[in-house]
Amino acid sequence: MTVAKLLNRFDLKREGVLVIRDGELVPGDGQLPDDAVVEIRSVISGG
Amino acid sequence: MKCRVCREPAVIDVRRHNANFCTDHFVEHCRRQVERAIHDHDMLEPESRVLVAVSGGKDSLALWELLLALGHEVDGLYLGLGIGEYSDRSRALTEAFAAERALTLRVIDLVEDHGFDIPAGARAAKRAPCSACGLSKRHLFDEAARDGDYDAIATGHNLDDEAAVLFGNVLHWQTEYLGRQAPVLPARNGFPRKVKPLVRLAERETAAYCVIRGIDYIVDECPMSAGNRHLGYKEALNAIEETSPGSKAAFYNGFLDRAVERFVTEADLGTDRLGSCDQCGAPSSNDRCAFCVLVERASTASGPQVVALTEKPMR
């Protein structure tokens, strides 16, 4: 599965999140293995 | 996805620039955007002494590092707000950031230095916590910059912050705030110069910068900001950005290019009438500034007292 599909699955806008795996950013077209553990980190702060 | 610069694998896309970047060229992109903001808006001189307001969040820590990378002399100022574990964690991250880089960090603690925390101050002022927080930050940052003889205060307001504030101010036609939303507020009437060097970077970019640079920042949102209007404006703008990349930048930059000057006079008139606070000497439109009133009310709060927070906010 790609990161873009993962975000679509959770109905997340990519402008509002980063996907991080093993401490590194994964781009939208990055492929995630079925057993991958990733952090979907919100980047929106209240200001 | 390939890096626009070197064609190596990219780690992040910046859709409003129709560009993807590898780690090295993304860092370069961030530095270039900050450099351009400083240059285009005449924010800082190379020899300027800068005080950056740091919260432990992604924007302020990224800003501190970016300004240092561009060769500026920058110290940090952290304000402890007394918001439970959130404040404890954000202070620890800020102090670790400064210590690892041997940077000068000043710390002001509302509880230790002024006898109240933000939740108590908000109750005493009968205002939203964000209002008491903003008032305290503006007052104490200004005071620290004056006392430390800094040339400017730099804050981590990014493109999303500024677009959201603009959106809210336009929705309610708060023209006195529109006139003060330029990314530079010159020093005047006892207020230090204030600059916002991140206005060309979206918050997704400042977060990505921190991940790439290994900057450990507080990811959790301030518990007192949940449900505030600012977050709702950001979500609305991000929904537009999703289908029309570049809309936020066009909205904010178009305002700066074509509209902000139309509102400056009204804001200037408000500032020019200020006297000084009898208690602390800060610029104020009343005998006592709103912060001194807040401190007194918070320290003696026991009944249904109302504080008039009449000072204009920074923007």
# chains A, B, ... in the order shown; residues from 1 in each chain; ligands from 1

$ interface_residues --of "chain B" --to "chain A" --cutoff "10 Å" --atoms "only C-alpha atoms" --output "MDAnalysis selection string"
chainID B and resid 1 9:15 20:23 57:59 130 134 156:158 160:162 164:165 202:208 211:212 214 219:232 234:235 238:239 241:242 245

$ select_by_dssp --residues "region 174-222 of chain B" --states "strand (DSSP E)" --output "list in words"
Val184, Leu185, Lys194 and Val195 of chain B

$ write_last_selection --atoms "N, CA and C atoms" --output "CSV table (one decimal), in the first residue's frame"
chain,number,residue,atom,x,y,z
B,184,VAL,N,6.2,42.1,9.6
B,184,VAL,CA,7.1,42.9,10.4
B,184,VAL,C,6.3,44.0,11.1
B,185,LEU,N,6.4,44.1,12.4
B,185,LEU,CA,5.9,45.3,13.1
B,185,LEU,C,7.1,46.1,13.6
B,194,LYS,N,9.0,43.3,15.8
B,194,LYS,CA,8.5,41.9,15.8
B,194,LYS,C,8.6,41.4,14.4
B,195,VAL,N,9.1,40.2,14.2
B,195,VAL,CA,9.2,39.7,12.9
B,195,VAL,C,8.8,38.2,12.9

$ residues_around --residues "Leu81 (chain B)" --least-positions-apart "2" --cutoff "7 Å" --atoms "only C-alpha atoms" --output "list of chain:residue names"
B:Leu79, B:Ile83, B:Ser87, B:Asp109, B:Leu110, B:Asp117, B:Ile118

$ select_by_dssp --residues "chain A" --states "helix (DSSP H, G or I)" --output "PyMOL selection string"
chain A and resi 3-9+14-16

$ decode --residues "region 2-47 of chain A" --atoms "N, CA and C atoms" --output "CSV table (one decimal), in the first residue's frame"
chain,number,residue,atom,x,y,z
A,2,THR,N,0.5,2.3,-0.7
A,2,THR,CA,1.2,3.5,-0.7
A,2,THR,C,0.7,4.4,0.5
A,3,VAL,N,1.6,5.4,0.8
A,3,VAL,CA,1.2,6.3,1.8
A,3,VAL,C,-0.1,7.1,1.4
A,4,ALA,N,-0.2,7.5,0.2
A,4,ALA,CA,-1.4,8.2,-0.3
A,4,ALA,C,-2.6,7.4,-0.1
A,5,LYS,N,-2.6,6.1,-0.3
A,5,LYS,CA,-3.7,5.2,-0.1
A,5,LYS,C,-4.1,5.1,1.4
A,6,LEU,N,-3.0,5.0,2.2
A,6,LEU,CA,-3.2,4.9,3.6
A,6,LEU,C,-3.9,6.1,4.1
A,7,LEU,N,-3.5,7.3,3.7
A,7,LEU,CA,-4.2,8.5,4.1
A,7,LEU,C,-5.6,8.6,3.6
A,8,ASN,N,-5.8,8.1,2.4
A,8,ASN,CA,-7.2,8.1,1.9
A,8,ASN,C,-8.1,7.2,2.7
A,9,ARG,N,-7.5,6.1,3.1
A,9,ARG,CA,-8.3,5.1,3.9
A,9,ARG,C,-8.8,5.7,5.2
A,10,PHE,N,-8.0,6.6,5.8
A,10,PHE,CA,-8.4,7.3,7.1
A,10,PHE,C,-9.0,8.6,6.8
A,11,ASP,N,-9.2,9.0,5.5
A,11,ASP,CA,-9.8,10.3,5.2
A,11,ASP,C,-9.0,11.4,5.8
A,12,LEU,N,-7.7,11.3,5.6
A,12,LEU,CA,-6.8,12.4,6.1
A,12,LEU,C,-6.3,13.2,5.0
A,13,LYS,N,-6.3,14.5,5.2
A,13,LYS,CA,-5.7,15.4,4.2
A,13,LYS,C,-4.2,15.5,4.4
A,14,ARG,N,-3.5,15.3,3.3
A,14,ARG,CA,-2.0,15.2,3.5
A,14,ARG,C,-1.4,16.5,3.9
A,15,GLU,N,-2.1,17.6,3.6
A,15,GLU,CA,-1.6,18.9,4.1
A,15,GLU,C,-1.5,19.0,5.6
A,16,GLY,N,-2.2,18.1,6.3
A,16,GLY,CA,-2.3,18.2,7.7
A,16,GLY,C,-1.5,17.1,8.5
A,17,VAL,N,-0.8,16.3,7.7
A,17,VAL,CA,-0.1,15.2,8.4
A,17,VAL,C,1.3,14.9,7.7
A,18,LEU,N,2.1,14.2,8.5
A,18,LEU,CA,3.4,13.6,8.0
A,18,LEU,C,3.3,12.1,8.3
A,19,VAL,N,3.8,11.3,7.4
A,19,VAL,CA,3.9,9.9,7.7
A,19,VAL,C,5.4,9.6,8.0
A,20,ILE,N,5.7,9.0,9.1
A,20,ILE,CA,7.1,8.8,9.6
A,20,ILE,C,7.2,7.3,9.9
A,21,ARG,N,8.3,6.7,9.3
A,21,ARG,CA,8.6,5.3,9.6
A,21,ARG,C,10.1,5.2,10.0
A,22,ASP,N,10.4,4.6,11.1
A,22,ASP,CA,11.7,4.5,11.6
A,22,ASP,C,12.4,5.8,11.7
A,23,GLY,N,11.7,6.9,12.0
A,23,GLY,CA,12.3,8.2,12.2
A,23,GLY,C,12.5,9.0,10.9
A,24,GLU,N,12.0,8.4,9.8
A,24,GLU,CA,12.2,9.1,8.5
A,24,GLU,C,10.9,9.3,7.8
A,25,LEU,N,10.9,10.4,7.1
A,25,LEU,CA,9.6,10.8,6.3
A,25,LEU,C,9.4,9.8,5.2
A,26,VAL,N,8.1,9.4,5.0
A,26,VAL,CA,7.8,8.6,3.8
A,26,VAL,C,6.9,9.4,2.9
A,27,PRO,N,7.3,9.5,1.6
A,27,PRO,CA,6.6,10.4,0.7
A,27,PRO,C,5.2,9.7,0.3
A,28,GLY,N,4.4,10.5,-0.4
A,28,GLY,CA,3.1,10.0,-0.7
A,28,GLY,C,3.1,8.8,-1.6
A,29,ASP,N,4.1,8.6,-2.4
A,29,ASP,CA,4.1,7.4,-3.3
A,29,ASP,C,5.0,6.3,-2.7
A,30,GLY,N,5.4,6.5,-1.4
A,30,GLY,CA,6.2,5.5,-0.7
A,30,GLY,C,5.4,4.3,-0.5
A,31,GLN,N,6.0,3.1,-0.7
A,31,GLN,CA,5.3,1.8,-0.5
A,31,GLN,C,5.5,1.4,0.9
A,32,LEU,N,4.4,0.9,1.5
A,32,LEU,CA,4.5,0.4,2.9
A,32,LEU,C,4.2,-1.1,2.9
A,33,PRO,N,5.2,-1.9,3.5
A,33,PRO,CA,4.9,-3.3,3.6
A,33,PRO,C,3.7,-3.5,4.5
A,34,ASP,N,3.1,-4.7,4.3
A,34,ASP,CA,1.9,-5.0,5.1
A,34,ASP,C,2.1,-4.9,6.6
A,35,ASP,N,3.4,-5.2,7.0
A,35,ASP,CA,3.7,-5.3,8.5
A,35,ASP,C,4.4,-4.0,9.0
A,36,ALA,N,4.3,-2.9,8.1
A,36,ALA,CA,5.0,-1.7,8.5
A,36,ALA,C,4.3,-1.0,9.7
A,37,VAL,N,5.1,-0.5,10.6
A,37,VAL,CA,4.6,0.3,11.7
A,37,VAL,C,5.0,1.8,11.4
A,38,VAL,N,4.0,2.6,11.2
A,38,VAL,CA,4.2,4.0,10.9
A,38,VAL,C,3.5,4.9,11.9
A,39,GLU,N,4.0,6.2,12.0
A,39,GLU,CA,3.4,7.2,12.8
A,39,GLU,C,2.7,8.2,11.8
A,40,ILE,N,1.5,8.4,11.9
A,40,ILE,CA,0.8,9.5,11.2
A,40,ILE,C,0.7,10.7,12.1
A,41,ARG,N,1.6,11.7,11.9
A,41,ARG,CA,1.7,12.8,12.8
A,41,ARG,C,1.0,14.0,12.3
A,42,SER,N,0.1,14.5,13.1
A,42,SER,CA,-0.6,15.8,12.8
A,42,SER,C,0.4,16.9,12.9
A,43,VAL,N,0.3,17.8,11.9
A,43,VAL,CA,1.2,19.0,12.0
A,43,VAL,C,0.4,20.3,12.2
A,44,ILE,N,-0.9,20.2,12.5
A,44,ILE,CA,-1.7,21.4,12.7
A,44,ILE,C,-1.7,21.7,14.2
A,45,SER,N,-1.3,23.0,14.5
A,45,SER,CA,-1.2,23.4,15.8
A,45,SER,C,-2.2,24.6,16.0
A,46,GLY,N,-2.6,24.8,17.3
A,46,GLY,CA,-3.6,25.8,17.6
A,46,GLY,C,-3.2,27.2,17.5
A,47,GLY,N,-1.9,27.5,17.6
A,47,GLY,CA,-1.4,28.8,17.4
A,47,GLY,C,-1.8,29.8,18.5
